[in-house]
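The file target_34.cif contains mmCIF, C-alpha atoms and all ligand atoms:
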```cif
data_work
#
loop_
_atom_site.label_atom_id
_atom_site.label_comp_id
_atom_site.auth_asym_id
_atom_site.auth_seq_id
_atom_site.Cartn_x
_atom_site.Cartn_y
_atom_site.Cartn_z
CA MET A 1 -99.82 -70.98 -70.80
CA LYS A 2 -98.07 -73.82 -72.57
CA LEU A 3 -95.47 -75.43 -70.31
CA LEU A 4 -92.37 -77.04 -71.76
CA VAL A 5 -90.30 -78.56 -68.98
CA VAL A 6 -86.79 -79.31 -70.19
CA LYS A 7 -83.78 -80.92 -68.57
CA ASN A 8 -81.40 -78.02 -68.12
CA TYR A 9 -80.17 -74.62 -69.30
CA ASP A 10 -78.76 -75.95 -72.58
CA GLU A 11 -82.04 -77.63 -73.48
CA MET A 12 -83.96 -74.47 -72.61
CA SER A 13 -81.65 -72.47 -74.87
CA LYS A 14 -82.07 -74.89 -77.78
CA VAL A 15 -85.86 -75.11 -77.50
CA ALA A 16 -86.23 -71.33 -77.23
CA ALA A 17 -83.92 -70.74 -80.21
CA LYS A 18 -85.99 -73.16 -82.27
CA GLU A 19 -89.23 -71.39 -81.34
CA LEU A 20 -87.75 -68.02 -82.29
CA ALA A 21 -86.20 -69.34 -85.52
CA GLU A 22 -89.59 -70.71 -86.51
CA VAL A 23 -91.18 -67.29 -86.11
CA ILE A 24 -88.42 -65.67 -88.20
CA SER A 25 -88.68 -68.35 -90.91
CA LYS A 26 -92.44 -67.95 -91.17
CA LYS A 27 -92.23 -64.16 -91.19
CA PRO A 28 -88.79 -62.85 -92.19
CA GLU A 29 -89.75 -59.26 -91.35
CA SER A 30 -90.70 -60.18 -87.76
CA ILE A 31 -90.58 -57.68 -84.93
CA LEU A 32 -88.72 -59.47 -82.13
CA GLY A 33 -88.94 -58.27 -78.55
CA LEU A 34 -85.65 -59.23 -76.92
CA ALA A 35 -84.34 -59.62 -73.40
CA THR A 36 -80.95 -59.49 -71.70
CA GLY A 37 -79.54 -61.16 -68.58
CA GLY A 38 -77.99 -64.55 -68.01
CA THR A 39 -81.05 -66.50 -69.16
CA PRO A 40 -81.10 -65.79 -72.93
CA VAL A 41 -77.31 -65.89 -73.56
CA GLY A 42 -77.37 -69.57 -74.55
CA MET A 43 -80.34 -69.02 -76.86
CA TYR A 44 -78.49 -66.21 -78.63
CA LYS A 45 -75.50 -68.55 -79.12
CA GLU A 46 -77.83 -71.11 -80.69
CA LEU A 47 -79.31 -68.47 -82.99
CA ILE A 48 -75.82 -67.40 -84.10
CA ASP A 49 -75.08 -71.06 -84.89
CA MET A 50 -78.31 -71.36 -86.85
CA HIS A 51 -77.38 -68.23 -88.78
CA LYS A 52 -73.92 -69.60 -89.60
CA ASN A 53 -74.87 -73.21 -90.30
CA GLU A 54 -78.54 -73.23 -91.27
CA GLU A 55 -78.86 -69.89 -93.02
CA LEU A 56 -81.24 -68.39 -90.49
CA ASP A 57 -81.72 -64.94 -91.99
CA PHE A 58 -81.97 -61.79 -89.88
CA SER A 59 -81.76 -59.35 -92.80
CA LYS A 60 -85.40 -58.24 -92.56
CA VAL A 61 -85.83 -58.58 -88.79
CA THR A 62 -86.45 -55.62 -86.47
CA THR A 63 -85.79 -55.87 -82.73
CA VAL A 64 -86.97 -53.92 -79.72
CA ASN A 65 -85.36 -54.60 -76.36
CA LEU A 66 -87.17 -54.59 -73.06
CA ASP A 67 -84.98 -52.30 -71.05
CA GLU A 68 -81.78 -50.35 -70.40
CA TYR A 69 -80.00 -48.98 -67.36
CA VAL A 70 -80.37 -45.23 -66.83
CA GLY A 71 -76.95 -43.59 -66.89
CA LEU A 72 -75.04 -46.11 -69.01
CA SER A 73 -74.03 -45.37 -72.58
CA GLY A 74 -74.25 -48.04 -75.26
CA GLU A 75 -70.47 -48.38 -75.09
CA HIS A 76 -70.49 -49.32 -71.40
CA ASP A 77 -69.84 -53.06 -71.19
CA GLN A 78 -72.76 -53.54 -68.76
CA SER A 79 -75.27 -51.63 -70.85
CA TYR A 80 -77.93 -53.70 -72.54
CA ARG A 81 -77.09 -52.15 -75.92
CA TYR A 82 -73.56 -53.51 -75.48
CA PHE A 83 -74.97 -56.87 -74.36
CA MET A 84 -77.14 -57.18 -77.45
CA ASP A 85 -74.37 -56.13 -79.83
CA SER A 86 -71.85 -58.53 -78.36
CA ASN A 87 -74.19 -61.49 -77.71
CA LEU A 88 -76.17 -61.39 -80.96
CA PHE A 89 -76.22 -58.43 -83.33
CA ASN A 90 -72.49 -58.37 -84.18
CA HIS A 91 -72.65 -62.03 -85.22
CA VAL A 92 -75.69 -62.15 -87.51
CA ASN A 93 -76.82 -60.32 -90.63
CA ILE A 94 -79.14 -57.91 -88.87
CA ARG A 95 -79.45 -54.24 -89.85
CA LYS A 96 -78.14 -52.42 -86.78
CA GLU A 97 -80.37 -49.41 -87.46
CA TYR A 98 -83.37 -51.70 -87.00
CA THR A 99 -82.30 -52.81 -83.53
CA TYR A 100 -83.84 -50.66 -80.82
CA VAL A 101 -82.78 -50.45 -77.18
CA PRO A 102 -83.96 -47.57 -74.97
CA ASN A 103 -81.33 -44.82 -74.65
CA GLY A 104 -80.03 -44.80 -71.08
CA LEU A 105 -78.47 -41.38 -71.59
CA ALA A 106 -81.49 -39.63 -73.13
CA GLU A 107 -81.65 -35.99 -72.03
CA ASP A 108 -85.42 -36.10 -71.79
CA MET A 109 -86.35 -39.48 -70.31
CA HIS A 110 -90.08 -38.85 -70.57
CA GLN A 111 -89.76 -38.14 -74.28
CA GLU A 112 -87.55 -41.20 -74.75
CA CYS A 113 -90.31 -43.36 -73.20
CA VAL A 114 -93.04 -41.76 -75.34
CA ASN A 115 -90.92 -42.25 -78.47
CA TYR A 116 -90.15 -45.86 -77.61
CA ASP A 117 -93.83 -46.75 -77.29
CA LYS A 118 -94.65 -44.82 -80.45
CA ARG A 119 -92.00 -46.75 -82.34
CA ILE A 120 -93.42 -50.10 -81.17
CA GLU A 121 -96.90 -48.94 -82.26
CA GLU A 122 -95.63 -47.81 -85.64
CA LEU A 123 -93.88 -51.13 -86.16
CA GLY A 124 -97.27 -52.77 -85.69
CA GLY A 125 -96.46 -54.32 -82.30
CA ILE A 126 -94.23 -57.21 -81.33
CA ASP A 127 -94.55 -60.60 -83.02
CA VAL A 128 -92.72 -62.54 -80.34
CA GLN A 129 -91.46 -61.24 -77.00
CA VAL A 130 -88.66 -63.09 -75.24
CA LEU A 131 -88.79 -62.79 -71.47
CA GLY A 132 -86.67 -63.89 -68.55
CA ILE A 133 -87.91 -63.44 -65.02
CA GLY A 134 -86.42 -62.02 -61.83
CA SER A 135 -86.58 -64.18 -58.74
CA ASN A 136 -88.99 -61.50 -57.42
CA GLY A 137 -91.33 -62.05 -60.40
CA HIS A 138 -90.34 -59.01 -62.44
CA ILE A 139 -90.48 -59.04 -66.24
CA GLY A 140 -88.39 -56.46 -68.03
CA PHE A 141 -87.81 -54.13 -65.11
CA ASN A 142 -91.45 -54.09 -64.11
CA GLU A 143 -90.77 -54.63 -60.44
CA PRO A 144 -93.30 -55.82 -57.82
CA SER A 145 -95.27 -52.80 -56.65
CA ASP A 146 -98.76 -51.60 -55.71
CA THR A 147 -99.19 -50.40 -59.29
CA LEU A 148 -97.80 -51.36 -62.68
CA SER A 149 -97.35 -49.11 -65.72
CA LEU A 150 -98.61 -49.91 -69.19
CA GLY A 151 -96.16 -47.71 -71.08
CA THR A 152 -92.38 -47.51 -71.20
CA HIS A 153 -91.20 -45.73 -68.08
CA VAL A 154 -88.29 -45.01 -65.78
CA THR A 155 -88.30 -47.20 -62.71
CA ASP A 156 -86.31 -47.68 -59.52
CA LEU A 157 -84.72 -51.10 -59.44
CA ALA A 158 -85.73 -53.36 -56.56
CA GLU A 159 -83.06 -54.04 -53.96
CA SER A 160 -83.12 -57.74 -54.91
CA THR A 161 -82.58 -56.84 -58.58
CA ILE A 162 -79.58 -54.65 -57.75
CA GLU A 163 -78.22 -57.48 -55.61
CA ALA A 164 -78.77 -60.09 -58.36
CA ASN A 165 -77.24 -57.92 -61.10
CA SER A 166 -74.24 -56.88 -58.99
CA ARG A 167 -72.56 -60.11 -60.14
CA TYR A 168 -71.80 -58.35 -63.42
CA PHE A 169 -70.33 -55.20 -61.85
CA ALA A 170 -67.14 -54.61 -59.86
CA SER A 171 -69.26 -53.76 -56.82
CA LYS A 172 -72.90 -53.39 -55.82
CA GLU A 173 -72.43 -49.61 -55.63
CA GLU A 174 -71.75 -49.51 -59.37
CA VAL A 175 -75.10 -51.06 -60.34
CA PRO A 176 -77.39 -48.31 -61.66
CA THR A 177 -80.42 -47.81 -59.44
CA LYS A 178 -82.80 -46.82 -62.23
CA ALA A 179 -83.75 -48.25 -65.59
CA LEU A 180 -85.96 -47.56 -68.57
CA THR A 181 -88.32 -50.43 -69.17
CA MET A 182 -91.10 -51.35 -71.50
CA GLY A 183 -94.34 -51.52 -69.54
CA LEU A 184 -96.86 -54.32 -69.29
CA GLY A 185 -98.85 -52.87 -72.20
CA ALA A 186 -96.41 -53.59 -75.03
CA ILE A 187 -95.45 -56.93 -73.47
CA MET A 188 -99.05 -58.12 -73.14
CA LYS A 189 -99.85 -56.95 -76.66
CA ALA A 190 -97.08 -59.10 -78.16
CA LYS A 191 -98.64 -61.76 -80.36
CA LYS A 192 -96.56 -64.50 -78.75
CA ILE A 193 -94.44 -64.64 -75.61
CA LEU A 194 -91.52 -66.95 -74.89
CA LEU A 195 -90.82 -67.01 -71.17
CA MET A 196 -87.48 -68.66 -70.40
CA VAL A 197 -86.66 -69.78 -66.88
CA SER A 198 -83.70 -71.71 -65.52
CA GLY A 199 -82.28 -72.59 -62.15
CA GLU A 200 -83.16 -73.20 -58.54
CA SER A 201 -83.26 -69.48 -57.66
CA LYS A 202 -86.43 -69.10 -59.79
CA ALA A 203 -88.25 -72.16 -58.38
CA GLU A 204 -90.02 -70.34 -55.55
CA ILE A 205 -91.60 -67.64 -57.72
CA MET A 206 -92.63 -69.93 -60.57
CA ASP A 207 -95.52 -71.60 -58.75
CA LYS A 208 -96.90 -68.11 -58.05
CA VAL A 209 -96.43 -67.10 -61.69
CA VAL A 210 -98.23 -70.16 -63.03
CA ASN A 211 -100.82 -70.93 -60.34
CA GLY A 212 -100.98 -67.90 -58.07
CA LYS A 213 -103.45 -65.04 -58.13
CA ILE A 214 -102.80 -62.28 -60.62
CA THR A 215 -101.19 -59.47 -58.67
CA THR A 216 -99.00 -56.44 -59.26
CA GLN A 217 -96.74 -57.90 -56.56
CA VAL A 218 -95.84 -60.67 -59.03
CA PRO A 219 -95.75 -58.84 -62.37
CA ALA A 220 -95.22 -62.07 -64.36
CA SER A 221 -98.53 -63.41 -63.01
CA PHE A 222 -100.25 -61.19 -65.60
CA LEU A 223 -98.94 -63.55 -68.27
CA GLN A 224 -101.71 -65.94 -67.19
CA MET A 225 -104.06 -63.67 -69.14
CA HIS A 226 -102.09 -63.79 -72.39
CA LYS A 227 -103.37 -66.22 -74.99
CA ASP A 228 -100.04 -67.44 -76.40
CA VAL A 229 -97.33 -67.84 -73.79
CA VAL A 230 -94.81 -70.65 -74.13
CA LEU A 231 -93.00 -71.20 -70.84
CA ILE A 232 -89.70 -72.99 -71.42
CA ILE A 233 -88.47 -73.98 -68.01
CA ASP A 234 -85.78 -76.34 -66.77
CA GLU A 235 -86.31 -78.98 -64.10
CA ASP A 236 -84.57 -76.99 -61.37
CA ALA A 237 -86.86 -74.01 -61.87
CA ALA A 238 -90.01 -76.12 -62.35
CA ARG A 239 -89.56 -78.16 -59.17
CA LYS A 240 -92.11 -76.25 -57.06
CA ILE A 241 -94.84 -75.83 -59.66
CA LYS A 242 -97.92 -77.72 -58.46
P1 LIG B 1 -81.32 -63.39 -65.38
O1 LIG B 1 -82.27 -62.15 -65.13
O2 LIG B 1 -81.63 -63.91 -66.73
O3 LIG B 1 -79.93 -62.81 -65.31
O4 LIG B 1 -81.61 -64.37 -64.29
C1 LIG B 1 -83.59 -62.24 -65.51
C2 LIG B 1 -84.33 -61.00 -65.08
O5 LIG B 1 -83.91 -60.35 -64.11
O6 LIG B 1 -85.34 -60.67 -65.71
#
```
Would you mind writing the file out in structure tokens?
Amino acid sequence: MKLLVVKNYDEMSKVAAKELAEVISKKPESILGLATGGTPVGMYKELIDMHKNEELDFSKVTTVNLDEYVGLSGEHDQSYRYFMDSNLFNHVNIRKEYTYVPNGLAEDMHQECVNYDKRIEELGGIDVQVLGIGSNGHIGFNEPSDTLSLGTHVTDLAESTIEANSRYFASKEEVPTKALTMGLGAIMKAKKILLMVSGESKAEIMDKVVNGKITTQVPASFLQMHKDVVLIIDEDAARKIK
């Protein structure tokens, strides 16, 4: 794991955007694995700037997102489809039909998961996967558990995840309790991983992620086994890493 400790959220966003832009410049038809949440918002803003001012070209890019809430349509303003459209896709020259987010309203969830993994396979896998992390160590919505799944699956959200994400909803009761998430398989098969971490609330888990034993109770600890992870972390989040 390559550690880049940066000053703050803005620096993290800039460094991550640069890393991603480099991948796209080298391979314009890149398959990008993308993430939602508070962490990557600043990076997406930087990428939009690079598109507008430095001609960063998304015209051949394909994207696959990590996850989606079960029960929310893409028009719901808390769905991850809506997040991606409003935070990135609507502002760059990407082909919308080549942006994939799991369908939270699929009639047959099992089939939706099978199809999602098949699509990633057919695309030839992910060139670079962007990840945030939950303060419980989850990546995507692979929550701490006795077991982890390799494939895309429907999962119950951890209580701490519902609590953390309730800041975006009118009340905690409105947060969906289930999500579709890519499993550890597609994430670990990505050629490169950019793990972005910011803020005090992530400090406790980050020492376990970097130095702890590999355990399903800290899903991000599996990243220790990946050969090309760049961890872009701000000082607040890096404070407890030994
Ligand atoms: P955050 O969420 O970026 O909103 O902190 C990250 C995550 O839960 O994976």
Handout entry: Distance criterion (all atoms listed in the file): nearest to ligand LIG 1 (chain B) out of A:Glu143, A:Glu107, A:Glu22, A:Glu97
Key = A:Glu143
Using all atoms listed in the file, which residues of chain A come within 9 Å of ligand LIG 1 (chain B), and what is the closest atom pair for each, with the distance in Å to one decimal? Give it as CSV, sorted by chain and residue number.
```
residue,atom,partner,partner_atom,distance
A:Ala35,CA,B:LIG1,O6,7.8
A:Thr36,CA,B:LIG1,O2,6.7
A:Gly37,CA,B:LIG1,O3,3.7
A:Gly38,CA,B:LIG1,O3,3.8
A:Thr39,CA,B:LIG1,O2,3.6
A:Pro40,CA,B:LIG1,O2,6.5
A:Val41,CA,B:LIG1,O2,8.3
A:Leu131,CA,B:LIG1,O6,7.0
A:Gly132,CA,B:LIG1,O6,4.5
A:Ile133,CA,B:LIG1,O6,3.8
A:Gly134,CA,B:LIG1,O5,3.8
A:Ser135,CA,B:LIG1,O5,7.1
A:Asn136,CA,B:LIG1,O5,8.5
A:Gly137,CA,B:LIG1,O6,8.1
A:His138,CA,B:LIG1,O6,6.2
A:Ile139,CA,B:LIG1,O6,5.4
A:Gly140,CA,B:LIG1,O6,5.7
A:Phe141,CA,B:LIG1,O6,7.0
A:Thr161,CA,B:LIG1,O5,6.7
A:Ala164,CA,B:LIG1,O3,7.6
A:Asn165,CA,B:LIG1,O3,7.0
A:Met196,CA,B:LIG1,O2,8.4
A:Val197,CA,B:LIG1,O2,7.7
A:Ser198,CA,B:LIG1,O4,7.7
A:Gly199,CA,B:LIG1,O4,8.5
A:Ser201,CA,B:LIG1,O4,8.5
A:Lys202,CA,B:LIG1,O4,8.1
```
Exercise for the section: Would you mind listing what lies within 8 Å of range 169-186 of chain A as an MDAnalysis selection string, with all atoms listed in the file counted and same-chain residues fewer than 2 positions away left out? Expected result: chainID A and resid 66:71 78 102 104 113 117 120 125:126 140:142 148:157 162:163 165:167 188:190
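One finds CA of Ala106 in chain A at 24.0 Å from CA of Glu159 in chain A.
With only C-alpha atoms as the atoms that count, the residue of A:Lys192, A:Asp108, A:Thr216, A:Val23 with the shortest distance to Val230 in chain A is A:Lys192.
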Exercise for the section: Give me the residues within 10 Å of Lys7 in chain A as a PyMOL selection string, counting all atoms listed in the file and dropping any in the same chain fewer than 6 places off. Expected result: chain A and resi 198+233-236
Practice task
Please identify all polymer residues within 12 Å of range 42-53 of chain A, counting only C-alpha atoms, omitting same-chain residues fewer than 6 positions from it, and present them as a ChimeraX atom specification.
Solution key: /A:8-22,24-25,34-36,59,83-94,130-132,194,196-198,232
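Using all atoms listed in the file, the shortest contact distance between Lys240 in chain A and any of A:Met206, A:Met225, A:Leu32, A:Ala220 is found at A:Met206.
Counting from CA of Lys27 in chain A, the distance to CA of Leu195 in chain A is 20.3 Å.
With CA of Leu223 in chain A on one side and CA of Asn211 in chain A on the other, the separation reads 11.0 Å.
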Is it possible to get the axis-aligned box enclosing range 151-162 of chain A (all listed atoms, 8 Å extra per side) as AutoDock Vina command-line options, with centre and edge lengths in Å rounded to one decimal?
```
--center_x -87.9 --center_y -51.4 --center_z -62.6 --size_x 32.6 --size_y 28.7 --size_z 33.2
```
Handout entry: Residue with smallest distance to Arg95 in chain A - pool A:Val218, A:Leu56, A:Val114, A:Val61, counting all atoms listed in the file
Key = A:Val61
Starting from the incomplete input, reconstruct N, CA and C atoms of range 145-176 of chain A and report them as a PDB file, in the frame of the given file.
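The file below, result_21.pdb, is the result:
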```pdb
ATOM      1  N   SER A 145     -94.877 -54.123 -57.149  1.00  0.00           N
ATOM      2  CA  SER A 145     -95.270 -52.800 -56.650  1.00  0.00           C
ATOM      3  C   SER A 145     -96.780 -52.784 -56.459  1.00  0.00           C
ATOM      4  N   ASP A 146     -97.299 -51.717 -55.850  1.00  0.00           N
ATOM      5  CA  ASP A 146     -98.760 -51.600 -55.710  1.00  0.00           C
ATOM      6  C   ASP A 146     -99.414 -51.305 -57.052  1.00  0.00           C
ATOM      7  N   THR A 147     -98.643 -50.717 -57.961  1.00  0.00           N
ATOM      8  CA  THR A 147     -99.190 -50.400 -59.290  1.00  0.00           C
ATOM      9  C   THR A 147     -98.181 -50.841 -60.338  1.00  0.00           C
ATOM     10  N   LEU A 148     -98.686 -51.071 -61.553  1.00  0.00           N
ATOM     11  CA  LEU A 148     -97.800 -51.360 -62.680  1.00  0.00           C
ATOM     12  C   LEU A 148     -98.120 -50.357 -63.784  1.00  0.00           C
ATOM     13  N   SER A 149     -97.116 -50.059 -64.632  1.00  0.00           N
ATOM     14  CA  SER A 149     -97.350 -49.110 -65.720  1.00  0.00           C
ATOM     15  C   SER A 149     -97.538 -49.857 -67.038  1.00  0.00           C
ATOM     16  N   LEU A 150     -98.408 -49.303 -67.874  1.00  0.00           N
ATOM     17  CA  LEU A 150     -98.610 -49.910 -69.190  1.00  0.00           C
ATOM     18  C   LEU A 150     -97.508 -49.510 -70.154  1.00  0.00           C
ATOM     19  N   GLY A 151     -97.105 -48.234 -70.101  1.00  0.00           N
ATOM     20  CA  GLY A 151     -96.160 -47.710 -71.080  1.00  0.00           C
ATOM     21  C   GLY A 151     -94.716 -47.863 -70.627  1.00  0.00           C
ATOM     22  N   THR A 152     -93.811 -47.566 -71.548  1.00  0.00           N
ATOM     23  CA  THR A 152     -92.380 -47.510 -71.200  1.00  0.00           C
ATOM     24  C   THR A 152     -92.180 -46.414 -70.172  1.00  0.00           C
ATOM     25  N   HIS A 153     -91.371 -46.685 -69.181  1.00  0.00           N
ATOM     26  CA  HIS A 153     -91.200 -45.730 -68.080  1.00  0.00           C
ATOM     27  C   HIS A 153     -89.846 -45.903 -67.411  1.00  0.00           C
ATOM     28  N   VAL A 154     -89.496 -44.911 -66.609  1.00  0.00           N
ATOM     29  CA  VAL A 154     -88.290 -45.010 -65.780  1.00  0.00           C
ATOM     30  C   VAL A 154     -88.700 -45.589 -64.441  1.00  0.00           C
ATOM     31  N   THR A 155     -87.927 -46.554 -63.967  1.00  0.00           N
ATOM     32  CA  THR A 155     -88.300 -47.200 -62.710  1.00  0.00           C
ATOM     33  C   THR A 155     -87.094 -47.325 -61.784  1.00  0.00           C
ATOM     34  N   ASP A 156     -87.362 -47.353 -60.485  1.00  0.00           N
ATOM     35  CA  ASP A 156     -86.310 -47.680 -59.520  1.00  0.00           C
ATOM     36  C   ASP A 156     -86.150 -49.192 -59.518  1.00  0.00           C
ATOM     37  N   LEU A 157     -84.934 -49.658 -59.504  1.00  0.00           N
ATOM     38  CA  LEU A 157     -84.720 -51.100 -59.440  1.00  0.00           C
ATOM     39  C   LEU A 157     -84.926 -51.590 -58.007  1.00  0.00           C
ATOM     40  N   ALA A 158     -85.526 -52.771 -57.895  1.00  0.00           N
ATOM     41  CA  ALA A 158     -85.730 -53.360 -56.560  1.00  0.00           C
ATOM     42  C   ALA A 158     -84.370 -53.718 -55.971  1.00  0.00           C
ATOM     43  N   GLU A 159     -84.303 -53.692 -54.660  1.00  0.00           N
ATOM     44  CA  GLU A 159     -83.060 -54.040 -53.960  1.00  0.00           C
ATOM     45  C   GLU A 159     -82.572 -55.432 -54.396  1.00  0.00           C
ATOM     46  N   SER A 160     -83.512 -56.368 -54.533  1.00  0.00           N
ATOM     47  CA  SER A 160     -83.120 -57.740 -54.910  1.00  0.00           C
ATOM     48  C   SER A 160     -82.585 -57.800 -56.342  1.00  0.00           C
ATOM     49  N   THR A 161     -83.075 -56.893 -57.200  1.00  0.00           N
ATOM     50  CA  THR A 161     -82.580 -56.840 -58.580  1.00  0.00           C
ATOM     51  C   THR A 161     -81.154 -56.301 -58.607  1.00  0.00           C
ATOM     52  N   ILE A 162     -80.926 -55.240 -57.825  1.00  0.00           N
ATOM     53  CA  ILE A 162     -79.580 -54.650 -57.750  1.00  0.00           C
ATOM     54  C   ILE A 162     -78.601 -55.708 -57.219  1.00  0.00           C
ATOM     55  N   GLU A 163     -79.042 -56.413 -56.193  1.00  0.00           N
ATOM     56  CA  GLU A 163     -78.220 -57.480 -55.610  1.00  0.00           C
ATOM     57  C   GLU A 163     -77.914 -58.558 -56.673  1.00  0.00           C
ATOM     58  N   ALA A 164     -78.956 -59.021 -57.364  1.00  0.00           N
ATOM     59  CA  ALA A 164     -78.770 -60.090 -58.360  1.00  0.00           C
ATOM     60  C   ALA A 164     -77.853 -59.629 -59.497  1.00  0.00           C
ATOM     61  N   ASN A 165     -78.000 -58.379 -59.937  1.00  0.00           N
ATOM     62  CA  ASN A 165     -77.240 -57.920 -61.100  1.00  0.00           C
ATOM     63  C   ASN A 165     -75.832 -57.446 -60.723  1.00  0.00           C
ATOM     64  N   SER A 166     -75.562 -57.341 -59.413  1.00  0.00           N
ATOM     65  CA  SER A 166     -74.240 -56.880 -58.990  1.00  0.00           C
ATOM     66  C   SER A 166     -73.160 -57.884 -59.395  1.00  0.00           C
ATOM     67  N   ARG A 167     -73.562 -59.120 -59.731  1.00  0.00           N
ATOM     68  CA  ARG A 167     -72.560 -60.110 -60.140  1.00  0.00           C
ATOM     69  C   ARG A 167     -71.833 -59.693 -61.422  1.00  0.00           C
ATOM     70  N   TYR A 168     -72.433 -58.797 -62.168  1.00  0.00           N
ATOM     71  CA  TYR A 168     -71.800 -58.350 -63.420  1.00  0.00           C
ATOM     72  C   TYR A 168     -70.953 -57.094 -63.240  1.00  0.00           C
ATOM     73  N   PHE A 169     -71.054 -56.459 -62.089  1.00  0.00           N
ATOM     74  CA  PHE A 169     -70.330 -55.200 -61.850  1.00  0.00           C
ATOM     75  C   PHE A 169     -69.215 -55.428 -60.832  1.00  0.00           C
ATOM     76  N   ALA A 170     -68.263 -54.484 -60.796  1.00  0.00           N
ATOM     77  CA  ALA A 170     -67.140 -54.610 -59.860  1.00  0.00           C
ATOM     78  C   ALA A 170     -67.649 -54.582 -58.408  1.00  0.00           C
ATOM     79  N   SER A 171     -68.665 -53.780 -58.159  1.00  0.00           N
ATOM     80  CA  SER A 171     -69.260 -53.760 -56.820  1.00  0.00           C
ATOM     81  C   SER A 171     -70.736 -53.402 -56.930  1.00  0.00           C
ATOM     82  N   LYS A 172     -71.456 -53.653 -55.837  1.00  0.00           N
ATOM     83  CA  LYS A 172     -72.900 -53.390 -55.820  1.00  0.00           C
ATOM     84  C   LYS A 172     -73.174 -51.896 -56.031  1.00  0.00           C
ATOM     85  N   GLU A 173     -72.254 -51.073 -55.527  1.00  0.00           N
ATOM     86  CA  GLU A 173     -72.430 -49.610 -55.630  1.00  0.00           C
ATOM     87  C   GLU A 173     -72.428 -49.143 -57.091  1.00  0.00           C
ATOM     88  N   GLU A 174     -71.819 -49.930 -57.964  1.00  0.00           N
ATOM     89  CA  GLU A 174     -71.750 -49.510 -59.370  1.00  0.00           C
ATOM     90  C   GLU A 174     -72.998 -49.857 -60.169  1.00  0.00           C
ATOM     91  N   VAL A 175     -73.883 -50.688 -59.605  1.00  0.00           N
ATOM     92  CA  VAL A 175     -75.100 -51.060 -60.340  1.00  0.00           C
ATOM     93  C   VAL A 175     -76.017 -49.835 -60.393  1.00  0.00           C
ATOM     94  N   PRO A 176     -76.450 -49.441 -61.603  1.00  0.00           N
ATOM     95  CA  PRO A 176     -77.390 -48.310 -61.660  1.00  0.00           C
ATOM     96  C   PRO A 176     -78.639 -48.620 -60.829  1.00  0.00           C
TER      97      PRO A 176
END
```
